[in-house]
Structure formats: C-alpha cells, structure tokens
>>> print(open('protein13.cif').read())   # mmCIF, C-alpha atoms
data_protein
#
loop_
_atom_site.label_atom_id
_atom_site.label_comp_id
_atom_site.auth_asym_id
_atom_site.auth_seq_id
_atom_site.Cartn_x
_atom_site.Cartn_y
_atom_site.Cartn_z
CA MET R 201 -36.10 16.17 -11.22
CA THR R 202 -33.61 19.08 -11.12
CA ARG R 203 -32.95 18.68 -7.39
CA ARG R 204 -32.24 14.99 -7.81
CA ARG R 205 -29.85 15.60 -10.70
CA GLN R 206 -28.09 18.30 -8.70
CA ALA R 207 -27.66 15.84 -5.85
CA ILE R 208 -26.42 13.16 -8.27
CA ALA R 209 -23.88 15.57 -9.81
CA LEU R 210 -22.65 16.67 -6.39
CA LEU R 211 -22.32 13.10 -5.11
CA ALA R 212 -20.60 12.06 -8.35
CA LEU R 213 -18.09 14.88 -7.87
CA VAL R 214 -17.31 13.69 -4.33
CA GLY R 215 -17.01 10.13 -5.67
CA LEU R 216 -14.73 11.36 -8.46
CA LEU R 217 -12.43 13.06 -5.93
CA LEU R 218 -12.40 9.96 -3.75
CA ALA R 219 -11.64 7.62 -6.64
CA SER R 220 -8.97 10.03 -7.91
CA TYR R 221 -7.32 9.96 -4.50
CA LEU R 222 -7.36 6.15 -4.43
CA TRP R 223 -6.01 5.97 -7.96
CA LEU R 224 -3.20 8.42 -7.20
CA TYR R 225 -2.46 6.36 -4.11
CA LYS R 226 -2.40 3.21 -6.21
CA ILE R 227 0.18 4.66 -8.59
CA GLY R 228 2.24 6.04 -5.72
CA VAL R 229 1.62 9.78 -6.12
CA VAL R 230 -0.04 10.28 -2.75
CA GLY R 231 0.20 8.58 0.59
CA THR R 232 2.75 6.19 1.99
CA LEU R 233 3.17 2.96 0.10
CA GLN R 234 3.17 0.70 3.10
CA CYS R 235 1.46 -2.34 4.44
CA GLY R 236 -0.04 -1.18 7.68
CA ALA R 237 -0.42 -2.73 11.08
CA GLY R 238 -4.00 -2.74 12.37
CA GLY R 239 -5.57 0.13 10.46
CA GLY R 240 -3.77 -0.60 7.23
CA GLU R 241 -6.61 -2.39 5.54
CA CYS R 242 -6.89 0.09 2.67
CA GLU R 243 -3.27 -0.68 1.83
CA PHE R 244 -4.06 -4.37 2.05
CA VAL R 245 -7.13 -4.05 -0.18
CA GLN R 246 -5.40 -1.72 -2.63
CA ALA R 247 -2.38 -3.99 -2.91
CA SER R 248 -4.42 -7.16 -3.41
CA ARG R 249 -4.87 -8.78 -6.78
CA TYR R 250 -8.54 -7.74 -6.66
CA ALA R 251 -7.52 -4.08 -6.94
CA ASP R 252 -7.20 -4.57 -10.71
CA VAL R 253 -9.81 -5.84 -13.14
CA PHE R 254 -8.34 -7.07 -16.45
CA GLY R 255 -5.24 -5.04 -15.68
CA VAL R 256 -7.14 -1.80 -15.02
CA PRO R 257 -6.98 -0.46 -11.45
CA VAL R 258 -10.40 -0.52 -9.78
CA ALA R 259 -9.82 3.05 -8.62
CA LEU R 260 -9.33 4.17 -12.24
CA ILE R 261 -12.60 2.48 -13.17
CA GLY R 262 -14.14 4.51 -10.34
CA VAL R 263 -12.67 7.72 -11.75
CA ALA R 264 -14.18 6.94 -15.17
CA GLY R 265 -17.54 5.92 -13.70
CA TYR R 266 -17.98 8.90 -11.42
CA GLY R 267 -16.65 11.18 -14.18
CA ALA R 268 -19.33 9.87 -16.54
CA LEU R 269 -22.06 10.27 -13.90
CA LEU R 270 -20.91 13.83 -13.20
CA ALA R 271 -20.83 14.71 -16.89
CA VAL R 272 -24.27 13.24 -17.62
CA GLY R 273 -25.66 14.80 -14.43
CA LEU R 274 -24.41 18.25 -15.46
CA VAL R 275 -25.69 17.86 -19.01
CA GLY R 276 -29.07 16.88 -17.54
CA LEU R 277 -29.17 20.19 -15.67
CA GLN R 278 -28.96 22.23 -18.86
CA PRO R 279 -32.32 23.73 -19.90
CA ALA R 280 -32.35 21.79 -23.19
CA PHE R 281 -32.16 18.45 -21.32
CA ALA R 282 -33.93 19.35 -18.09
CA GLU R 283 -36.98 17.27 -18.96
CA SER R 284 -35.15 14.63 -20.97
CA ARG R 285 -36.07 11.10 -20.00
CA ARG R 286 -33.08 9.76 -21.93
CA VAL R 287 -30.77 11.53 -19.49
CA SER R 288 -32.62 9.93 -16.58
CA VAL R 289 -32.36 6.49 -18.20
CA LEU R 290 -28.66 6.99 -18.89
CA LEU R 291 -28.04 8.11 -15.30
CA ALA R 292 -29.95 5.13 -13.90
CA THR R 293 -28.06 2.75 -16.20
CA LEU R 294 -24.65 4.11 -15.24
CA ALA R 295 -25.57 4.14 -11.56
CA SER R 296 -26.88 0.56 -11.72
CA VAL R 297 -23.65 -0.68 -13.32
CA GLY R 298 -21.65 1.19 -10.67
CA PHE R 299 -23.84 -0.17 -7.89
CA ALA R 300 -23.50 -3.76 -9.16
CA PHE R 301 -19.72 -3.37 -9.42
CA THR R 302 -19.66 -2.00 -5.88
CA LEU R 303 -21.63 -5.00 -4.63
CA TYR R 304 -18.98 -7.28 -6.15
CA LEU R 305 -16.13 -5.27 -4.60
CA THR R 306 -17.79 -5.24 -1.20
CA TYR R 307 -18.29 -9.00 -1.44
CA VAL R 308 -14.55 -9.40 -2.17
CA GLU R 309 -13.66 -7.19 0.80
CA LEU R 310 -15.94 -9.00 3.22
CA PHE R 311 -15.64 -12.62 2.16
CA VAL R 312 -12.39 -12.99 0.23
CA LEU R 313 -9.94 -10.47 1.68
CA HIS R 314 -11.64 -10.17 5.08
CA ALA R 315 -10.53 -6.54 5.12
CA ILE R 316 -12.57 -3.37 4.90
CA CYS R 317 -11.10 -0.20 3.44
CA ARG R 318 -12.99 2.81 4.79
CA TRP R 319 -12.50 4.76 1.55
CA CYS R 320 -14.11 1.91 -0.34
CA VAL R 321 -17.01 1.98 2.11
CA ALA R 322 -17.39 5.73 1.52
CA SER R 323 -17.51 5.10 -2.22
CA ALA R 324 -20.08 2.34 -1.71
CA VAL R 325 -22.31 4.74 0.25
CA ILE R 326 -21.99 7.40 -2.46
CA ILE R 327 -22.82 5.08 -5.36
CA THR R 328 -25.74 3.61 -3.41
CA ALA R 329 -27.15 7.10 -2.83
CA ILE R 330 -26.65 7.96 -6.52
CA TRP R 331 -28.36 4.73 -7.54
CA VAL R 332 -31.39 5.41 -5.32
CA LEU R 333 -31.63 9.02 -6.56
CA SER R 334 -31.31 7.95 -10.19
CA LEU R 335 -34.10 5.38 -9.80
CA ALA R 336 -36.28 7.98 -8.11
CA ALA R 337 -35.53 10.43 -10.95
CA LEU R 338 -36.54 7.76 -13.42
CA ARG R 339 -39.99 7.66 -11.83
CA ASP R 340 -40.38 11.45 -12.00
CA ARG R 341 -42.55 12.60 -14.85
CA MET X 257 -29.25 27.09 -9.77
CA LYS X 258 -26.33 29.51 -9.40
CA GLY X 259 -25.92 28.46 -5.77
CA PHE X 260 -25.60 24.84 -6.86
CA TYR X 261 -22.65 25.62 -9.14
CA VAL X 262 -20.99 27.61 -6.35
CA VAL X 263 -21.27 24.54 -4.09
CA LEU X 264 -20.01 22.26 -6.88
CA VAL X 265 -16.96 24.42 -7.61
CA THR X 266 -16.24 24.79 -3.88
CA VAL X 267 -16.30 21.02 -3.37
CA ALA X 268 -14.06 20.53 -6.42
CA VAL X 269 -11.54 23.14 -5.27
CA VAL X 270 -11.44 21.97 -1.64
CA GLY X 271 -11.26 18.28 -2.62
CA GLY X 272 -8.60 18.92 -5.25
CA GLY X 273 -6.65 20.97 -2.72
CA VAL X 274 -6.72 18.17 -0.17
CA ILE X 275 -5.43 15.69 -2.76
CA TRP X 276 -2.73 18.11 -3.91
CA TYR X 277 -1.63 18.71 -0.32
CA GLY X 278 -1.46 14.97 0.28
CA SER X 279 0.69 14.45 -2.80
CA ARG X 280 3.50 16.67 -1.58
CA ALA X 281 6.57 14.75 -0.43
CA GLN X 282 6.95 14.60 3.31
CA PRO X 283 10.26 15.83 4.73
CA ALA X 284 12.49 13.53 6.73
CA SER X 285 11.90 13.84 10.43
CA ALA X 286 13.60 12.71 13.58
CA PRO X 287 12.12 9.87 15.62
CA PRO X 288 10.36 10.82 18.82
CA PRO X 289 12.71 11.46 21.77
CA GLY X 290 13.70 8.37 23.69
CA ALA X 291 12.75 6.06 20.87
CA SER X 292 16.03 4.17 20.68
CA PRO X 293 15.67 0.39 20.49
CA ARG X 294 15.72 -1.07 23.96
CA VAL X 295 14.09 -4.42 23.34
CA ALA X 296 16.83 -7.00 23.39
CA ALA X 297 16.69 -9.76 20.78
CA SER X 298 16.66 -13.14 22.41
CA ASP X 299 20.20 -13.79 21.16
CA GLY X 300 21.32 -10.21 20.65
CA PHE X 301 20.95 -10.60 16.88
CA ARG X 302 20.71 -7.23 15.12
CA GLY X 303 19.65 -8.28 11.63
CA PHE X 304 21.41 -9.37 8.46
CA THR X 305 23.46 -6.69 6.77
CA LEU X 306 24.71 -5.90 3.31
CA GLY X 307 27.66 -3.63 2.62
CA SER X 308 30.77 -2.38 4.31
CA ASP X 309 31.06 -2.37 8.10
CA VAL X 310 32.70 1.06 7.87
CA ALA X 311 30.11 2.62 5.55
CA PRO X 312 29.29 6.15 6.77
CA VAL X 313 25.53 5.60 6.53
CA GLU X 314 23.45 2.74 7.84
CA VAL X 315 19.91 2.12 6.65
CA THR X 316 17.73 -0.19 8.73
CA GLU X 317 14.73 -1.59 6.95
CA TYR X 318 11.77 -3.06 8.83
CA SER X 319 10.13 -5.36 6.36
CA ASP X 320 7.63 -8.14 5.92
CA PHE X 321 8.15 -10.79 3.24
CA GLU X 322 4.41 -11.01 2.53
CA CYS X 323 3.94 -7.25 2.08
CA PRO X 324 3.51 -6.28 -1.60
CA PHE X 325 5.07 -2.86 -1.07
CA CYS X 326 8.15 -4.51 0.43
CA ALA X 327 8.30 -6.80 -2.61
CA SER X 328 7.98 -3.86 -4.94
CA PHE X 329 10.73 -2.02 -3.08
CA ALA X 330 13.00 -5.08 -3.03
CA THR X 331 12.62 -5.81 -6.73
CA VAL X 332 12.44 -2.31 -8.19
CA GLN X 333 14.40 0.04 -5.91
CA MET X 334 16.79 -2.25 -4.07
CA PRO X 335 18.86 -3.38 -7.10
CA VAL X 336 19.64 0.27 -7.90
CA ILE X 337 20.41 1.00 -4.24
CA ARG X 338 22.76 -1.97 -4.14
CA ASP X 339 24.61 -0.72 -7.23
CA GLN X 340 24.71 2.95 -6.31
CA LEU X 341 25.07 2.95 -2.56
CA ILE X 342 25.88 -0.44 -1.07
CA THR X 343 28.53 -1.90 -3.37
CA THR X 344 30.20 1.51 -3.52
CA GLY X 345 30.73 1.38 0.25
CA ARG X 346 28.52 4.36 1.07
CA VAL X 347 25.72 2.50 2.80
CA ARG X 348 25.36 -0.54 5.00
CA TRP X 349 21.86 -2.03 4.75
CA ARG X 350 20.33 -3.80 7.73
CA TYR X 351 17.23 -5.96 7.38
CA ARG X 352 14.90 -6.34 10.36
CA ASP X 353 11.83 -8.52 10.45
CA PHE X 354 8.48 -6.87 11.06
CA PRO X 355 5.93 -9.55 10.13
CA LEU X 356 2.40 -8.10 10.11
CA SER X 357 0.84 -11.35 11.18
CA ASP X 358 -2.64 -9.82 11.66
CA THR X 359 -3.14 -9.47 7.93
CA HIS X 360 -0.27 -11.53 6.53
CA ARG X 361 -0.84 -15.15 7.35
CA TRP X 362 2.55 -16.47 6.19
CA ALA X 363 4.76 -13.51 7.05
CA ARG X 364 6.19 -15.06 10.20
CA LEU X 365 6.89 -18.39 8.48
CA ALA X 366 8.64 -16.50 5.68
CA ALA X 367 10.74 -14.61 8.22
CA LEU X 368 11.69 -17.89 9.93
CA ALA X 369 12.56 -19.51 6.59
CA ALA X 370 14.80 -16.58 5.66
CA GLN X 371 16.48 -16.74 9.07
CA CYS X 372 17.10 -20.44 8.56
CA ALA X 373 18.68 -19.78 5.16
CA GLY X 374 20.63 -16.97 6.81
CA GLU X 375 22.02 -19.45 9.32
CA GLN X 376 23.77 -21.02 6.34
CA GLY X 377 24.94 -17.70 4.93
CA LYS X 378 22.12 -17.51 2.39
CA PHE X 379 19.87 -14.83 3.86
CA TRP X 380 20.06 -12.30 1.02
CA GLU X 381 19.70 -14.98 -1.63
CA MET X 382 16.57 -16.23 0.16
CA HIS X 383 15.35 -12.64 0.60
CA ASP X 384 15.60 -12.13 -3.15
CA GLN X 385 13.78 -15.38 -3.91
CA MET X 386 10.92 -14.50 -1.52
CA PHE X 387 10.39 -11.13 -3.16
CA LEU X 388 11.12 -12.00 -6.78
CA HIS X 389 8.61 -14.85 -6.78
CA HIS X 390 5.98 -13.05 -4.77
CA ARG X 391 2.91 -14.76 -6.19
CA TRP X 392 2.91 -16.99 -3.12
CA ALA X 393 1.80 -13.96 -1.11
CA GLN X 394 -1.33 -13.55 -3.20
CA THR X 395 -2.73 -17.00 -2.64
CA SER X 396 -3.94 -18.62 0.51
CA LYS X 397 -1.84 -21.72 -0.16
CA ASN X 398 0.64 -22.74 2.50
CA PRO X 399 4.03 -21.70 1.05
CA ARG X 400 6.12 -23.95 3.31
CA SER X 401 7.18 -26.33 0.51
CA LEU X 402 7.77 -23.41 -1.88
CA PHE X 403 10.10 -21.81 0.68
CA ARG X 404 11.90 -25.14 0.91
CA ASP X 405 12.33 -25.07 -2.88
CA PHE X 406 13.72 -21.54 -2.59
CA ALA X 407 16.17 -22.74 0.06
CA GLU X 408 17.25 -25.59 -2.20
CA GLY X 409 17.58 -23.18 -5.10
CA VAL X 410 19.93 -20.89 -3.20
CA GLY X 411 22.10 -23.84 -2.21
CA ALA X 412 21.11 -24.35 1.40
CA ASP X 413 21.61 -27.73 3.09
CA LEU X 414 18.02 -28.93 3.26
CA ASP X 415 18.47 -31.21 6.27
CA LYS X 416 19.73 -28.30 8.33
CA TYR X 417 17.10 -25.99 6.85
CA ASP X 418 14.27 -28.41 7.66
CA ALA X 419 15.47 -28.89 11.22
CA CYS X 420 15.68 -25.14 11.67
CA VAL X 421 12.25 -24.30 10.19
CA ASP X 422 10.46 -27.25 11.79
CA GLY X 423 11.91 -26.34 15.16
CA ASP X 424 10.98 -22.65 14.85
CA ARG X 425 14.59 -22.04 15.77
CA TYR X 426 14.52 -18.29 15.23
CA ALA X 427 11.00 -17.49 16.43
CA GLY X 428 12.51 -15.54 19.34
CA ARG X 429 14.67 -13.46 17.02
CA VAL X 430 11.77 -12.61 14.73
CA GLN X 431 9.56 -11.67 17.67
CA ALA X 432 12.32 -9.56 19.22
CA SER X 433 12.83 -7.78 15.91
CA PHE X 434 9.10 -7.10 15.66
CA GLU X 435 8.98 -5.75 19.22
CA GLU X 436 12.02 -3.59 18.59
CA GLY X 437 10.31 -2.08 15.54
CA ALA X 438 7.07 -1.54 17.43
CA ALA X 439 9.02 0.23 20.20
CA LEU X 440 10.55 2.51 17.56
CA GLY X 441 7.12 3.45 16.28
CA VAL X 442 7.06 1.22 13.21
CA ARG X 443 3.44 0.69 12.19
CA GLY X 444 3.78 -0.53 8.65
CA THR X 445 6.22 -1.98 6.18
CA PRO X 446 8.55 -1.11 4.72
CA THR X 447 9.78 1.46 7.26
CA PHE X 448 13.31 2.78 7.13
CA PHE X 449 15.70 4.43 9.56
CA VAL X 450 18.76 6.22 8.22
CA ASN X 451 21.52 6.52 10.81
CA GLY X 452 18.85 6.01 13.45
CA LYS X 453 16.47 8.67 12.13
CA ARG X 454 13.19 7.63 10.64
CA PHE X 455 13.11 8.12 6.86
CA GLU X 456 9.86 9.82 5.91
CA GLY X 457 10.63 10.53 2.27
CA ARG X 458 9.49 8.52 -0.69
CA PRO X 459 11.26 5.16 -0.52
CA THR X 460 12.96 5.18 -3.89
CA SER X 461 16.59 4.76 -4.91
CA ASP X 462 16.65 8.46 -5.80
CA GLY X 463 15.24 9.39 -2.40
CA PHE X 464 17.86 7.38 -0.54
CA LYS X 465 20.68 8.61 -2.78
CA ALA X 466 19.71 12.24 -2.17
CA LEU X 467 19.66 11.69 1.59
CA VAL X 468 22.97 9.80 1.59
CA ASP X 469 24.51 12.55 -0.55
CA SER X 470 23.35 15.17 1.94
CA LEU X 471 24.64 13.16 4.91
CA THR X 472 28.06 12.51 3.41
CA LYS X 473 28.84 15.79 1.70
CA PRO X 474 32.10 17.38 2.86
CA GLY X 475 31.76 19.53 5.95
CA LYS X 476 28.83 17.49 7.23
#
>>> encode(input="protein13.cif", output="structure tokens")
Amino acid sequence: MTRRRQAIALLALVGLLLASYLWLYKIGVVGTLQCGAGGGECEFVQASRYADVFGVPVALIGVAGYGALLAVGLVGLQPAFAESRRVSVLLATLASVGFAFTLYLTYVELFVLHAICRWCVASAVIITAIWVLSLAALRDR
Amino acid sequence: MKGFYVVLVTVAVVGGGVIWYGSRAQPASAPPPGASPRVAASDGFRGFTLGSDVAPVEVTEYSDFECPFCASFATVQMPVIRDQLITTGRVRWRYRDFPLSDTHRWARLAALAAQCAGEQGKFWEMHDQMFLHHRWAQTSKNPRSLFRDFAEGVGADLDKYDACVDGDRYAGRVQASFEEGAALGVRGTPTFFVNGKRFEGRPTSDGFKALVDSLTKPGK
C-alpha cells in the first residue's frame, strides 16, 4: 500500500510540474508564443479552442488535479492514514476522473485537431500509471 | 520513508528549476551568418509596409493569418506599437507572409485574399479584419465568402478582388515570401527581424519599444 502511494505521489508531482509548465506557457510566462512549423503541434493544441473548458485552461485543471492527487497521496503516507481505505477510494476516484478527462483530451487531439502534443502525451502516460496504481491500491487489504 | 521524501523534494526542486530557467526572457541574438534573404519574390515584392520610409528602424514580421498568436499580437500589441513607434516615425513595419499550410488549412487563402485587397491599397485594413474577426480560424468552414465580406467591408472593388483571388494572382508572391522566411530560419509565426536581426525577446509593445529605444539612442 505504502509503496503504491509513494509512487502515486511521485507521479502526481511530475504531473503537477508538467501541467504547471503548460499552464505558464498558456499564459505566456514561459516559452515562445508562436505557431510552429512541423513540430509546433503543442502550440497548435494549446492555442485551439479545446485548450479551455468552460473558460478554464485545461492545463490549469491539470495543475489542480495533480495537486489534489499529490496532496491526498502525501496525506495517505502519514501513519494515521497509512491503512485508511477512504484515502485509497479518494485516490482512485480522483485518478479515474483524471483518466476519463485525459481520454477525452486524447480523443480531441487524435480525431478533432489531428495534432499530438508530446507534453499532453506525457501527461496521459502519467495519469494512466496513477490510475492503474490507485486501482491496485484499492484492492490491497 | 526518508529516502522517498528526499527523492520527492529533489524532483520538485529540479523540475521547478527547469521551469524557472525556461521563464527567463531570452536575449536578442543575431541571425546565423549568411542568412540574408536571397530568395527572390516572383515579382520582387518585399511586403506591405506601414510607417515612414526614412524611419531609423525597420521591423519585418513573418506572420500567418490563421495563427492565433499572430492574431493576439495583431490585436493586442500592434495597436500600441502603431501609436508609439510607427505613427511617430520611429519604425517602419513590414509584413511578410509565412503561411503554415501544414497545420493551417486556410492560411494560404487568407494570405492571397489580403494580397488581393492590398492590390487595391487595402492590405492593412484587410489585415485588421482577418485578425480582429479571428473566429474563422477556429472552425473548419471554408472562409472564402467571409474574406470576400471583409474585402467588401474595407471598400475593395469586389469584381477586381474576385478576379484576383479566383486566379490565385499572388500565389507566387506568397510562396516566395514563405521561402524567404524559411531561408532566414523562420520556423514559426509570428517571427520578427529588427533591422535584419532576429528578435528573440518577448513580442510585446514594451519589448519592441525597449529595443527601438536602445537602437536609436544618441551615440548609437
């Protein structure tokens, strides 16, 4: 149980950094705000109308989601919650929501925008790993 | 467990450091040696300009009408640049087409439409219409009739405009402009050159003003 939560927390931290980078890019703090030739598909994806959901940047949703997973993961490592099933359920719920959202975003990339942003792919791999780990932790007794 | 927190903090510090490093403004740099434009436009056309012919600084912008960052630049930064630098005679602005046709389906058509309006002395008016009403770039709908409406709105003669667009009259110009940009190392839009040197700073009115100030200060 502990090992899985450690892995979830670590992956969530990496996801948080990644989403933070994409969010800072989105608001123009990092990177070059350009449409790129050839390899510029992250710019294309980030600048598309699908990069916001109800006016909230997708990257910011990622920051919140990974932040929540990291926080819950760290709380679940404290001795008082180490055996808590509620923490496992909460982690699995958060991860499932994140995984479902990622499936939608990947669908948009592949079938609507026809553009793949490698940072988005990295995030998809991370949330998938977290989801699998959280389901496995749910089965631990 | 202690080892885990060491790893966690290390990842946080390294990752945060990488993001911080990436957020620092990049200094202006010179283009690679021998990168002067050598690709001749089919008719020797060098782009539409705004501002005084004797302005001490010339900014060349490689742009794509379908690119959202170009639209953002044109609608947010450019009005301030026009007021502060162009109408005051300090800067001459040159627009060059760099349609990223791989990802922007209508970019080349937009460039042709703007050229055709430009033929009638309405390039900048058409440029502003394209960028101000940029929703067309976010749909997959063919914007040909919308561009025609823009042309009508800016006062172009539609018979001449139609003949020009339908005949792809300036396809050679647009292609030559694209090839010129590619030869200069342009890979994305917008890309700027200030007095022939690539501008690597943040493309804001403040960024351009600071550079123009430094280029035109006495003793320079």
>>> closest_residue(input="protein13.cif", among="R:Ile326, R:Ala336, R:Val272, R:Leu211", to="chain X", atoms="all atoms listed in the file")
R:Leu211
>>> resolve_selection(input="protein13.cif", expression="the PyMOL selection byres ((chain X and resi 418-423) around 12)", output="number ranges by chain")
X: 364-376, 400-401, 403-405, 407-408, 412-417, 424-428
>>> atom_distance(input="protein13.cif", atom1="atom CA of R:Val289", atom2="atom CA of R:Leu213")
19.5 Å
>>> closest_residue(input="protein13.cif", among="R:Ser284, R:Val229, R:Gly267, R:Cys235", to="X:Phe321", atoms="only C-alpha atoms")
R:Cys235
>>> atom_distance(input="protein13.cif", atom1="atom CA of X:Arg454", atom2="atom CA of X:Met386")
25.4 Å
>>> resolve_selection(input="protein13.cif", expression="the PyMOL selection byres ((chain X and resi 335-343) around 10)", output="ChimeraX atom specification")
/X:306-308,311,313-314,329-334,344-349,460-462,464-465,468-469
>>> residues_around(input="protein13.cif", residues="stretch 301-303 of chain R", least_positions_apart="3", cutoff="10 Å", atoms="only C-alpha atoms", output="PyMOL selection string")
chain R and resi 258+261-262+295-298+306-309+320-321+323-325+327-328
>>> closest_residue(input="protein13.cif", among="X:Val450, X:Val310, X:Leu471, X:Val270", to="chain R", atoms="all atoms listed in the file")
X:Val270
>>> resolve_selection(input="protein13.cif", expression="the PyMOL selection byres ((chain X) within 8 of (chain R))", output="list of chain:residue names")
X:Phe260, X:Leu264, X:Val267, X:Ala268, X:Gly271, X:Gly272, X:Ile275, X:Gly278, X:Ser279, X:Arg280, X:Cys323, X:Pro324, X:Phe325, X:Cys326, X:Leu356, X:Asp358, X:Thr359, X:Gln394, X:Arg443, X:Gly444, X:Thr445, X:Pro446, X:Thr447, X:Arg458
>>> atom_distance(input="protein13.cif", atom1="atom CA of R:Ala219", atom2="atom CA of X:Gly457")
24.2 Å
>>> closest_residue(input="protein13.cif", among="R:Ala259, R:Asp252, R:Phe299, R:Val245", to="R:Ala329", atoms="all atoms listed in the file")
R:Phe299
>>> decode(input="protein13.cif", residues="stretch 391-408 of chain X", atoms="N, CA and C atoms", output="PDB file, in the first residue's frame")
ATOM      1  N   ARG X 391     -12.486  34.306 -35.418  1.00  0.00           N
ATOM      2  CA  ARG X 391     -13.212  33.044 -35.174  1.00  0.00           C
ATOM      3  C   ARG X 391     -13.170  32.117 -36.383  1.00  0.00           C
ATOM      4  N   TRP X 392     -13.027  32.705 -37.573  1.00  0.00           N
ATOM      5  CA  TRP X 392     -12.982  31.863 -38.771  1.00  0.00           C
ATOM      6  C   TRP X 392     -11.850  30.831 -38.687  1.00  0.00           C
ATOM      7  N   ALA X 393     -10.787  31.195 -37.945  1.00  0.00           N
ATOM      8  CA  ALA X 393      -9.623  30.311 -37.881  1.00  0.00           C
ATOM      9  C   ALA X 393      -9.860  29.129 -36.944  1.00  0.00           C
ATOM     10  N   GLN X 394     -10.945  29.187 -36.193  1.00  0.00           N
ATOM     11  CA  GLN X 394     -11.200  28.117 -35.224  1.00  0.00           C
ATOM     12  C   GLN X 394     -12.311  27.180 -35.684  1.00  0.00           C
ATOM     13  N   THR X 395     -12.721  27.336 -36.905  1.00  0.00           N
ATOM     14  CA  THR X 395     -13.716  26.410 -37.437  1.00  0.00           C
ATOM     15  C   THR X 395     -13.114  25.779 -38.686  1.00  0.00           C
ATOM     16  N   SER X 396     -13.730  24.729 -39.138  1.00  0.00           N
ATOM     17  CA  SER X 396     -13.187  24.102 -40.341  1.00  0.00           C
ATOM     18  C   SER X 396     -13.909  24.614 -41.590  1.00  0.00           C
ATOM     19  N   LYS X 397     -14.796  25.591 -41.381  1.00  0.00           N
ATOM     20  CA  LYS X 397     -15.577  26.125 -42.506  1.00  0.00           C
ATOM     21  C   LYS X 397     -14.703  26.897 -43.480  1.00  0.00           C
ATOM     22  N   ASN X 398     -14.975  26.732 -44.754  1.00  0.00           N
ATOM     23  CA  ASN X 398     -14.231  27.477 -45.768  1.00  0.00           C
ATOM     24  C   ASN X 398     -14.526  28.977 -45.616  1.00  0.00           C
ATOM     25  N   PRO X 399     -13.486  29.795 -45.357  1.00  0.00           N
ATOM     26  CA  PRO X 399     -13.734  31.211 -45.081  1.00  0.00           C
ATOM     27  C   PRO X 399     -13.745  32.095 -46.332  1.00  0.00           C
ATOM     28  N   ARG X 400     -13.766  31.488 -47.509  1.00  0.00           N
ATOM     29  CA  ARG X 400     -13.649  32.269 -48.747  1.00  0.00           C
ATOM     30  C   ARG X 400     -14.705  33.396 -48.823  1.00  0.00           C
ATOM     31  N   SER X 401     -15.977  33.047 -48.509  1.00  0.00           N
ATOM     32  CA  SER X 401     -17.011  34.085 -48.639  1.00  0.00           C
ATOM     33  C   SER X 401     -16.893  35.121 -47.517  1.00  0.00           C
ATOM     34  N   LEU X 402     -16.406  34.674 -46.346  1.00  0.00           N
ATOM     35  CA  LEU X 402     -16.190  35.626 -45.246  1.00  0.00           C
ATOM     36  C   LEU X 402     -15.102  36.634 -45.639  1.00  0.00           C
ATOM     37  N   PHE X 403     -14.029  36.128 -46.252  1.00  0.00           N
ATOM     38  CA  PHE X 403     -12.947  37.024 -46.689  1.00  0.00           C
ATOM     39  C   PHE X 403     -13.481  38.033 -47.711  1.00  0.00           C
ATOM     40  N   ARG X 404     -14.397  37.550 -48.549  1.00  0.00           N
ATOM     41  CA  ARG X 404     -14.998  38.442 -49.551  1.00  0.00           C
ATOM     42  C   ARG X 404     -15.801  39.543 -48.842  1.00  0.00           C
ATOM     43  N   ASP X 405     -16.509  39.146 -47.763  1.00  0.00           N
ATOM     44  CA  ASP X 405     -17.242  40.145 -46.973  1.00  0.00           C
ATOM     45  C   ASP X 405     -16.277  41.160 -46.352  1.00  0.00           C
ATOM     46  N   PHE X 406     -15.142  40.642 -45.865  1.00  0.00           N
ATOM     47  CA  PHE X 406     -14.132  41.556 -45.294  1.00  0.00           C
ATOM     48  C   PHE X 406     -13.680  42.551 -46.361  1.00  0.00           C
ATOM     49  N   ALA X 407     -13.417  42.018 -47.569  1.00  0.00           N
ATOM     50  CA  ALA X 407     -12.941  42.871 -48.660  1.00  0.00           C
ATOM     51  C   ALA X 407     -13.981  43.946 -48.980  1.00  0.00           C
ATOM     52  N   GLU X 408     -15.238  43.528 -48.990  1.00  0.00           N
ATOM     53  CA  GLU X 408     -16.315  44.495 -49.250  1.00  0.00           C
ATOM     54  C   GLU X 408     -16.357  45.539 -48.123  1.00  0.00           C
TER      55      GLU X 408
END
